[in-house]
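Engineer: Contents of my_file-v8.cif (mmCIF, C-alpha atoms and all ligand atoms; chains and numbers go by the auth columns) are given next:
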data_work
#
loop_
_atom_site.group_PDB
_atom_site.id
_atom_site.type_symbol
_atom_site.label_atom_id
_atom_site.label_comp_id
_atom_site.label_asym_id
_atom_site.label_seq_id
_atom_site.Cartn_x
_atom_site.Cartn_y
_atom_site.Cartn_z
_atom_site.B_iso_or_equiv
_atom_site.auth_seq_id
_atom_site.auth_asym_id
ATOM 1 C CA CYS A 1 11.823 -5.384 15.253 0.00 8 A
ATOM 2 C CA GLY A 2 12.736 -5.756 18.921 0.00 9 A
ATOM 3 C CA ALA A 3 11.367 -9.289 19.200 0.00 10 A
ATOM 4 C CA ASP A 4 13.383 -10.422 16.160 0.00 11 A
ATOM 5 C CA LEU A 5 16.542 -8.958 17.673 0.00 12 A
ATOM 6 C CA ALA A 6 15.822 -10.632 21.011 0.00 13 A
ATOM 7 C CA ASN A 7 15.376 -13.928 19.182 0.00 14 A
ATOM 8 C CA LEU A 8 18.661 -13.393 17.319 0.00 15 A
ATOM 9 C CA VAL A 9 20.604 -12.618 20.498 0.00 16 A
ATOM 10 C CA ASN A 10 19.027 -15.621 22.174 0.00 17 A
ATOM 11 C CA GLU A 11 20.109 -17.957 19.353 0.00 18 A
ATOM 12 C CA ALA A 12 23.631 -16.510 19.510 0.00 19 A
ATOM 13 C CA ALA A 13 23.718 -17.035 23.287 0.00 20 A
ATOM 14 C CA LEU A 14 22.680 -20.676 22.840 0.00 21 A
ATOM 15 C CA LEU A 15 25.464 -21.227 20.319 0.00 22 A
ATOM 16 C CA ALA A 16 28.019 -19.611 22.649 0.00 23 A
ATOM 17 C CA ALA A 17 26.780 -21.703 25.598 0.00 24 A
ATOM 18 C CA ARG A 18 27.076 -24.867 23.515 0.00 25 A
ATOM 19 C CA GLU A 19 30.763 -24.025 23.082 0.00 26 A
ATOM 20 C CA ASP A 20 31.185 -23.273 26.802 0.00 27 A
ATOM 21 C CA ARG A 21 31.974 -19.627 26.076 0.00 28 A
ATOM 22 C CA GLU A 22 31.413 -16.828 28.525 0.00 29 A
ATOM 23 C CA LYS A 23 30.882 -14.232 25.831 0.00 30 A
ATOM 24 C CA ILE A 24 29.033 -14.135 22.534 0.00 31 A
ATOM 25 C CA ASN A 25 31.245 -13.219 19.568 0.00 32 A
ATOM 26 C CA MET A 26 30.506 -12.069 16.004 0.00 33 A
ATOM 27 C CA ARG A 27 30.723 -15.611 14.652 0.00 34 A
ATOM 28 C CA HIS A 28 27.888 -16.667 16.961 0.00 35 A
ATOM 29 C CA PHE A 29 25.812 -13.730 15.758 0.00 36 A
ATOM 30 C CA GLU A 30 26.567 -14.577 12.135 0.00 37 A
ATOM 31 C CA GLN A 31 25.487 -18.194 12.632 0.00 38 A
ATOM 32 C CA ALA A 32 22.405 -17.121 14.565 0.00 39 A
ATOM 33 C CA LYS A 33 21.454 -14.668 11.823 0.00 40 A
ATOM 34 C CA ASP A 34 21.720 -17.369 9.161 0.00 41 A
ATOM 35 C CA LYS A 35 19.613 -19.716 11.243 0.00 42 A
ATOM 36 C CA VAL A 36 16.922 -17.120 11.886 0.00 43 A
ATOM 37 C CA LEU A 37 16.845 -15.846 8.284 0.00 44 A
ATOM 38 C CA MET A 38 17.334 -19.034 6.308 0.00 45 A
ATOM 39 C CA GLY A 39 16.437 -21.947 8.592 0.00 46 A
ATOM 40 C CA ALA A 40 18.716 -24.488 10.263 0.00 47 A
ATOM 41 C CA GLU A 41 21.532 -26.111 8.313 0.00 48 A
ATOM 42 C CA ARG A 42 20.773 -29.623 7.119 0.00 49 A
ATOM 43 C CA LYS A 43 24.275 -31.019 6.970 0.00 50 A
ATOM 44 C CA SER A 44 22.996 -34.600 7.152 0.00 51 A
ATOM 45 C CA MET A 45 20.967 -34.249 3.965 0.00 52 A
ATOM 46 C CA ILE A 46 22.402 -36.535 1.318 0.00 53 A
ATOM 47 C CA ILE A 47 23.193 -34.745 -1.907 0.00 54 A
ATOM 48 C CA SER A 48 24.944 -36.329 -4.867 0.00 55 A
ATOM 49 C CA GLN A 49 28.167 -34.777 -6.157 0.00 56 A
ATOM 50 C CA GLU A 50 26.367 -33.933 -9.390 0.00 57 A
ATOM 51 C CA GLU A 51 23.607 -32.093 -7.576 0.00 58 A
ATOM 52 C CA LYS A 52 26.163 -30.244 -5.468 0.00 59 A
ATOM 53 C CA LYS A 53 28.009 -29.138 -8.567 0.00 60 A
ATOM 54 C CA LEU A 54 24.815 -27.953 -10.187 0.00 61 A
ATOM 55 C CA THR A 55 23.867 -26.024 -7.052 0.00 62 A
ATOM 56 C CA ALA A 56 27.331 -24.431 -6.904 0.00 63 A
ATOM 57 C CA TYR A 57 27.052 -23.172 -10.501 0.00 64 A
ATOM 58 C CA HIS A 58 23.454 -22.059 -9.913 0.00 65 A
ATOM 59 C CA GLU A 59 24.380 -20.001 -6.825 0.00 66 A
ATOM 60 C CA ALA A 60 27.563 -18.704 -8.480 0.00 67 A
ATOM 61 C CA GLY A 61 25.295 -17.493 -11.303 0.00 68 A
ATOM 62 C CA HIS A 62 23.166 -15.419 -8.910 0.00 69 A
ATOM 63 C CA THR A 63 26.273 -14.064 -7.192 0.00 70 A
ATOM 64 C CA LEU A 64 28.175 -13.127 -10.336 0.00 71 A
ATOM 65 C CA VAL A 65 25.205 -11.334 -11.923 0.00 72 A
ATOM 66 C CA ALA A 66 24.818 -9.295 -8.736 0.00 73 A
ATOM 67 C CA LYS A 67 28.547 -8.475 -8.759 0.00 74 A
ATOM 68 C CA LEU A 68 28.633 -7.512 -12.447 0.00 75 A
ATOM 69 C CA ILE A 69 25.613 -5.197 -12.493 0.00 76 A
ATOM 70 C CA PRO A 70 26.344 -1.891 -10.750 0.00 77 A
ATOM 71 C CA GLY A 71 23.879 -0.594 -8.163 0.00 78 A
ATOM 72 C CA THR A 72 22.669 -3.959 -6.869 0.00 79 A
ATOM 73 C CA ASP A 73 22.624 -4.877 -3.182 0.00 80 A
ATOM 74 C CA PRO A 74 25.993 -6.268 -1.989 0.00 81 A
ATOM 75 C CA ILE A 75 26.347 -10.034 -1.698 0.00 82 A
ATOM 76 C CA HIS A 76 26.849 -10.970 1.929 0.00 83 A
ATOM 77 C CA LYS A 77 27.248 -14.686 1.535 0.00 84 A
ATOM 78 C CA VAL A 78 26.765 -17.551 -0.881 0.00 85 A
ATOM 79 C CA THR A 79 26.428 -21.131 0.321 0.00 86 A
ATOM 80 C CA ILE A 80 25.637 -24.637 -0.891 0.00 87 A
ATOM 81 C CA ILE A 81 24.927 -25.985 2.583 0.00 88 A
ATOM 82 C CA PRO A 82 21.243 -26.960 2.434 0.00 89 A
ATOM 83 C CA ARG A 83 18.965 -25.021 4.740 0.00 90 A
ATOM 84 C CA GLY A 84 15.244 -25.413 5.130 0.00 91 A
ATOM 85 C CA MET A 85 13.918 -26.285 1.667 0.00 92 A
ATOM 86 C CA ALA A 86 16.813 -24.759 -0.278 0.00 93 A
ATOM 87 C CA LEU A 87 19.896 -26.616 -1.551 0.00 94 A
ATOM 88 C CA GLY A 88 21.835 -23.390 -1.689 0.00 95 A
ATOM 89 C CA LEU A 89 21.452 -19.692 -1.079 0.00 96 A
ATOM 90 C CA THR A 90 22.818 -16.390 -2.233 0.00 97 A
ATOM 91 C CA GLN A 91 22.261 -13.726 0.371 0.00 98 A
ATOM 92 C CA GLN A 92 22.231 -10.033 -0.432 0.00 99 A
ATOM 93 C CA LEU A 93 22.186 -7.400 2.263 0.00 100 A
ATOM 94 C CA PRO A 94 20.951 -3.937 1.256 0.00 101 A
ATOM 95 C CA LEU A 95 23.206 -1.075 2.352 0.00 102 A
ATOM 96 C CA ASP A 96 20.241 0.901 3.609 0.00 103 A
ATOM 97 C CA GLU A 97 16.573 0.422 4.270 0.00 104 A
ATOM 98 C CA LYS A 98 14.678 1.029 1.060 0.00 105 A
ATOM 99 C CA HIS A 99 11.080 2.159 0.879 0.00 106 A
ATOM 100 C CA THR A 100 10.785 2.817 -2.824 0.00 107 A
ATOM 101 C CA TYR A 101 12.371 0.860 -5.637 0.00 108 A
ATOM 102 C CA PRO A 102 13.442 2.406 -8.950 0.00 109 A
ATOM 103 C CA LYS A 103 12.587 0.542 -12.155 0.00 110 A
ATOM 104 C CA ALA A 104 16.241 -0.220 -12.903 0.00 111 A
ATOM 105 C CA TYR A 105 16.659 -1.775 -9.445 0.00 112 A
ATOM 106 C CA LEU A 106 13.677 -4.069 -10.075 0.00 113 A
ATOM 107 C CA ASN A 107 15.008 -5.074 -13.498 0.00 114 A
ATOM 108 C CA ASN A 108 18.360 -5.848 -11.889 0.00 115 A
ATOM 109 C CA ASN A 109 16.664 -7.993 -9.276 0.00 116 A
ATOM 110 C CA ILE A 110 14.928 -9.969 -12.018 0.00 117 A
ATOM 111 C CA ALA A 111 18.336 -10.395 -13.682 0.00 118 A
ATOM 112 C CA ILE A 112 19.880 -11.684 -10.430 0.00 119 A
ATOM 113 C CA LEU A 113 16.980 -14.105 -9.962 0.00 120 A
ATOM 114 C CA LEU A 114 17.549 -15.465 -13.476 0.00 121 A
ATOM 115 C CA GLY A 115 21.325 -15.785 -12.934 0.00 122 A
ATOM 116 C CA GLY A 116 20.980 -19.269 -11.408 0.00 123 A
ATOM 117 C CA ARG A 117 19.000 -20.704 -14.313 0.00 124 A
ATOM 118 C CA VAL A 118 21.234 -19.093 -16.935 0.00 125 A
ATOM 119 C CA ALA A 119 24.369 -20.544 -15.285 0.00 126 A
ATOM 120 C CA GLU A 120 22.753 -23.998 -15.531 0.00 127 A
ATOM 121 C CA GLU A 121 21.946 -23.412 -19.216 0.00 128 A
ATOM 122 C CA LEU A 122 25.451 -22.240 -20.079 0.00 129 A
ATOM 123 C CA VAL A 123 27.444 -24.815 -18.150 0.00 130 A
ATOM 124 C CA PHE A 124 25.315 -27.965 -18.277 0.00 131 A
ATOM 125 C CA ASN A 125 23.339 -27.299 -21.449 0.00 132 A
ATOM 126 C CA ASP A 126 20.316 -28.396 -19.506 0.00 133 A
ATOM 127 C CA VAL A 127 17.915 -26.940 -16.960 0.00 134 A
ATOM 128 C CA THR A 128 16.521 -28.229 -13.666 0.00 135 A
ATOM 129 C CA THR A 129 13.564 -27.603 -11.361 0.00 136 A
ATOM 130 C CA GLY A 130 16.007 -25.879 -8.979 0.00 137 A
ATOM 131 C CA ALA A 131 15.187 -22.497 -10.501 0.00 138 A
ATOM 132 C CA GLY A 132 11.425 -22.837 -10.001 0.00 139 A
ATOM 133 C CA ASN A 133 11.177 -20.414 -7.111 0.00 140 A
ATOM 134 C CA ASP A 134 13.509 -17.892 -8.791 0.00 141 A
ATOM 135 C CA ILE A 135 11.372 -17.930 -11.934 0.00 142 A
ATOM 136 C CA GLU A 136 8.197 -17.505 -9.935 0.00 143 A
ATOM 137 C CA ARG A 137 9.633 -14.489 -8.134 0.00 144 A
ATOM 138 C CA ALA A 138 10.989 -12.946 -11.345 0.00 145 A
ATOM 139 C CA THR A 139 7.611 -13.319 -13.073 0.00 146 A
ATOM 140 C CA GLU A 140 5.780 -11.903 -10.077 0.00 147 A
ATOM 141 C CA LEU A 141 8.092 -8.863 -10.007 0.00 148 A
ATOM 142 C CA ALA A 142 7.653 -8.267 -13.747 0.00 149 A
ATOM 143 C CA ARG A 143 3.856 -8.542 -13.432 0.00 150 A
ATOM 144 C CA LYS A 144 3.819 -6.035 -10.581 0.00 151 A
ATOM 145 C CA MET A 145 5.977 -3.637 -12.609 0.00 152 A
ATOM 146 C CA VAL A 146 3.318 -3.705 -15.327 0.00 153 A
ATOM 147 C CA CYS A 147 0.073 -4.020 -13.329 0.00 154 A
ATOM 148 C CA VAL A 148 0.765 -2.295 -10.013 0.00 155 A
ATOM 149 C CA TRP A 149 3.613 0.184 -10.463 0.00 156 A
ATOM 150 C CA GLY A 150 2.771 1.485 -13.959 0.00 157 A
ATOM 151 C CA MET A 151 6.301 0.861 -15.254 0.00 158 A
ATOM 152 C CA SER A 152 5.425 -0.360 -18.744 0.00 159 A
ATOM 153 C CA ASP A 153 5.661 2.289 -21.476 0.00 160 A
ATOM 154 C CA ARG A 154 3.185 0.345 -23.568 0.00 161 A
ATOM 155 C CA LEU A 155 0.499 0.012 -20.897 0.00 162 A
ATOM 156 C CA GLY A 156 1.129 3.319 -19.178 0.00 163 A
ATOM 157 C CA PRO A 157 0.844 4.428 -15.543 0.00 164 A
ATOM 158 C CA LEU A 158 -2.375 2.558 -14.771 0.00 165 A
ATOM 159 C CA THR A 159 -3.386 -0.114 -12.296 0.00 166 A
ATOM 160 C CA TYR A 160 -4.586 -3.342 -13.840 0.00 167 A
ATOM 161 C CA GLY A 161 -6.608 -5.599 -11.582 0.00 168 A
ATOM 162 C CA LYS A 162 -8.148 -4.439 -8.318 0.00 169 A
ATOM 163 C CA LYS A 163 -7.532 -6.340 -5.158 0.00 170 A
ATOM 164 C CA GLU A 164 -10.408 -6.926 -2.829 0.00 171 A
ATOM 165 C CA GLU A 165 -9.149 -7.141 0.693 0.00 172 A
ATOM 166 C CA GLN A 166 -11.045 -8.489 3.588 0.00 173 A
ATOM 167 C CA ILE A 167 -9.831 -6.526 6.550 0.00 174 A
ATOM 168 C CA PHE A 168 -10.452 -9.128 9.239 0.00 175 A
ATOM 169 C CA LEU A 169 -8.528 -11.770 7.313 0.00 176 A
ATOM 170 C CA GLY A 170 -5.778 -9.300 6.545 0.00 177 A
ATOM 171 C CA ARG A 171 -4.945 -10.805 3.197 0.00 178 A
ATOM 172 C CA GLU A 172 -6.042 -10.727 -0.402 0.00 179 A
ATOM 173 C CA ILE A 173 -8.989 -12.930 -1.146 0.00 180 A
ATOM 174 C CA ALA A 174 -9.920 -11.996 -4.670 0.00 181 A
ATOM 175 C CA GLN A 175 -8.396 -10.296 -7.659 0.00 182 A
ATOM 176 C CA HIS A 176 -10.897 -8.362 -9.728 0.00 183 A
ATOM 177 C CA ARG A 177 -10.194 -8.197 -13.415 0.00 184 A
ATOM 178 C CA ASP A 178 -11.091 -4.710 -14.542 0.00 185 A
ATOM 179 C CA PHE A 179 -9.589 -4.813 -18.028 0.00 186 A
ATOM 180 C CA SER A 180 -10.475 -6.265 -21.410 0.00 187 A
ATOM 181 C CA GLU A 181 -9.280 -9.524 -22.920 0.00 188 A
ATOM 182 C CA ALA A 182 -7.161 -7.501 -25.358 0.00 189 A
ATOM 183 C CA THR A 183 -5.433 -5.742 -22.444 0.00 190 A
ATOM 184 C CA ALA A 184 -4.873 -9.096 -20.724 0.00 191 A
ATOM 185 C CA VAL A 185 -2.974 -10.260 -23.799 0.00 192 A
ATOM 186 C CA GLU A 186 -0.919 -7.064 -23.806 0.00 193 A
ATOM 187 C CA ILE A 187 -0.092 -7.478 -20.112 0.00 194 A
ATOM 188 C CA ASP A 188 1.103 -11.028 -20.705 0.00 195 A
ATOM 189 C CA ASP A 189 3.258 -9.796 -23.598 0.00 196 A
ATOM 190 C CA GLU A 190 4.817 -7.048 -21.502 0.00 197 A
ATOM 191 C CA VAL A 191 5.529 -9.347 -18.555 0.00 198 A
ATOM 192 C CA LYS A 192 7.106 -11.846 -20.905 0.00 199 A
ATOM 193 C CA LYS A 193 9.143 -9.094 -22.564 0.00 200 A
ATOM 194 C CA ILE A 194 10.553 -7.849 -19.244 0.00 201 A
ATOM 195 C CA VAL A 195 11.578 -11.342 -18.160 0.00 202 A
ATOM 196 C CA SER A 196 13.032 -12.401 -21.531 0.00 203 A
ATOM 197 C CA GLU A 197 14.979 -9.177 -22.019 0.00 204 A
ATOM 198 C CA ASN A 198 16.581 -9.701 -18.622 0.00 205 A
ATOM 199 C CA HIS A 199 17.223 -13.341 -19.481 0.00 206 A
ATOM 200 C CA ASP A 200 19.068 -12.265 -22.668 0.00 207 A
ATOM 201 C CA ARG A 201 21.044 -9.666 -20.722 0.00 208 A
ATOM 202 C CA VAL A 202 22.106 -12.248 -18.136 0.00 209 A
ATOM 203 C CA ARG A 203 23.059 -14.783 -20.807 0.00 210 A
ATOM 204 C CA GLN A 204 25.367 -12.256 -22.448 0.00 211 A
ATOM 205 C CA LEU A 205 26.816 -11.193 -19.115 0.00 212 A
ATOM 206 C CA LEU A 206 27.571 -14.702 -17.859 0.00 213 A
ATOM 207 C CA ALA A 207 28.736 -16.004 -21.251 0.00 214 A
ATOM 208 C CA ALA A 208 31.282 -13.168 -21.346 0.00 215 A
ATOM 209 C CA ASN A 209 32.459 -14.044 -17.825 0.00 216 A
ATOM 210 C CA LEU A 210 32.381 -17.818 -17.941 0.00 217 A
ATOM 211 C CA GLU A 211 35.876 -18.106 -16.508 0.00 218 A
ATOM 212 C CA THR A 212 34.918 -16.098 -13.418 0.00 219 A
ATOM 213 C CA LEU A 213 31.717 -18.104 -13.055 0.00 220 A
ATOM 214 C CA THR A 214 33.735 -21.319 -13.083 0.00 221 A
ATOM 215 C CA ARG A 215 36.260 -19.977 -10.548 0.00 222 A
ATOM 216 C CA LEU A 216 33.440 -18.932 -8.210 0.00 223 A
ATOM 217 C CA ALA A 217 31.502 -22.194 -8.581 0.00 224 A
ATOM 218 C CA GLU A 218 34.501 -24.492 -8.169 0.00 225 A
ATOM 219 C CA THR A 219 35.722 -22.634 -5.063 0.00 226 A
ATOM 220 C CA LEU A 220 32.197 -22.739 -3.659 0.00 227 A
ATOM 221 C CA LEU A 221 32.063 -26.470 -4.318 0.00 228 A
ATOM 222 C CA GLU A 222 35.283 -26.873 -2.366 0.00 229 A
ATOM 223 C CA ARG A 223 34.438 -24.559 0.560 0.00 230 A
ATOM 224 C CA GLU A 224 30.641 -24.750 0.682 0.00 231 A
ATOM 225 C CA SER A 225 30.306 -21.088 1.763 0.00 232 A
ATOM 226 C CA LEU A 226 31.911 -17.860 0.605 0.00 233 A
ATOM 227 C CA GLY A 227 31.814 -14.439 2.276 0.00 234 A
ATOM 228 C CA THR A 228 31.984 -10.928 0.827 0.00 235 A
ATOM 229 C CA ASP A 229 35.807 -10.650 0.755 0.00 236 A
ATOM 230 C CA GLU A 230 36.325 -14.069 -0.819 0.00 237 A
ATOM 231 C CA ILE A 231 33.718 -13.342 -3.500 0.00 238 A
ATOM 232 C CA GLU A 232 35.396 -9.962 -4.208 0.00 239 A
ATOM 233 C CA ALA A 233 38.786 -11.630 -4.645 0.00 240 A
ATOM 234 C CA LEU A 234 37.449 -14.380 -6.916 0.00 241 A
ATOM 235 C CA VAL A 235 35.597 -11.880 -9.114 0.00 242 A
ATOM 236 C CA ARG A 236 38.789 -9.775 -9.343 0.00 243 A
ATOM 237 C CA GLY A 237 40.469 -12.841 -10.784 0.00 244 A
ATOM 238 C CA GLU A 238 42.483 -13.887 -7.744 0.00 245 A
ATOM 239 C CA SER A 239 42.282 -17.427 -6.511 0.00 246 A
ATOM 240 C CA ILE A 240 42.014 -17.900 -2.762 0.00 247 A
ATOM 241 C CA GLU A 241 44.245 -20.412 -1.084 0.00 248 A
ATOM 242 C CA SER A 242 42.601 -23.665 -0.161 0.00 249 A
ATOM 243 C CA GLN A 243 42.036 -24.535 3.443 0.00 250 A
HETATM 244 ZN ZN ZN B . 18.281 -19.761 -7.365 0.00 301 B
#
Could you quickly redo this structure as structure tokens?
Ligand code: ZN
Structural biologist:
Amino acid sequence: CGADLANLVNEAALLAAREDREKINMRHFEQAKDKVLMGAERKSMIISQEEKKLTAYHEAGHTLVAKLIPGTDPIHKVTIIPRGMALGLTQQLPLDEKHTYPKAYLNNNIAILLGGRVAEELVFNDVTTGAGNDIERATELARKMVCVWGMSDRLGPLTYGKKEEQIFLGREIAQHRDFSEATAVEIDDEVKKIVSENHDRVRQLLAANLETLTRLAETLLERESLGTDEIEALVRGESIESQ
């Protein structure tokens, strides 16, 4: 909205002023956008080399899954510079403004969310709490596919669970269960099925492209941030010259 844009331009102007510039350039806008969208960089945060490496493979996992599955939103940037609460981030920018989401697109998003965890599994043979938020979002998406958007063949095009909204609070306050215990079990099964099928798909995808995953992660470890063109080149199998 207008206010968000004003805020963005203002941040960019501050960055330009800090560098004694008379004009704002694209780099200032890019930095301002990252700050507004993802929070300020926390360069002073102390992170062990091990944790950095794990984050690099985790983020490379998200990025590579998004690159390998056709029809997903383009990756704009991947970074292991901590911002806000996150140790790293993979940022996708949709090509256009979407108002409806096809089932395949949602499944692909679940796959991308699981890409971080699967990279940890494959490379370190271990898992960390770092994927907690990804897993929460993937589960939430799968549950909505079943209960809100009627996308499960087994449960059909029905709504499960009615939300009671209190207008003056403007948010959900209660979730009414309007289905039987047997249906609840079926819903849980379906949600689990959607998430695990995507998990299997991502495991196969990343296991078959382990070399690319490593190239992406190691370059990310070295550079801390990668943009669209660099990611493209690395996925194509080219190595980019070190700085
Ligand atoms: Zn993640």
Engineer: Env of Ser232 in chain A: 7 Å cut, atoms = only C-alpha atoms, seq-sep filter 4 positions within chain, self excluded. Answer as a ChimeraX atom specification.
Structural biologist: /A:85-87,227
Engineer: Using Å and a single decimal, report how far CA of Pro101 in chain A sits from CA of His83 in chain A.
Structural biologist: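 CA of Pro101 in chain A lies at a distance of 9.2 Å from CA of His83 in chain A.
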Engineer: Can you give me, as a list in words, the residues this file yields under the PyMOL selection byres (((chain A and resi 114-120) around 7) and not hetatm)?
Structural biologist: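 Written out, the selection comes to His69, Val72, Ala73, Thr79, Lys110, Ala111, Tyr112, Leu113, Leu121, Gly122, Gly123, Asp141, Ala145, Asn205, His206 and Val209 of chain A.
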Engineer: Kindly resolve the PyMOL selection byres (((chain A and resi 93) around 10) and not hetatm) on the present coordinates and return the residues as a list in words.
Structural biologist: Met45, Gly46, Glu48, Arg49, Thr62, Ile87, Ile88, Pro89, Arg90, Gly91, Met92, Leu94, Gly95, Leu96, Gly137 and Asn140 of chain A
Engineer: Would you list the residues near (38.2, -19.4, -9.1), meaning any protein, DNA or RNA residue with an atom at most 10 Å from that point in file coordinates, counting all atoms listed in the file, as a ChimeraX atom specification?
Structural biologist: /A:218-227,238,240-247
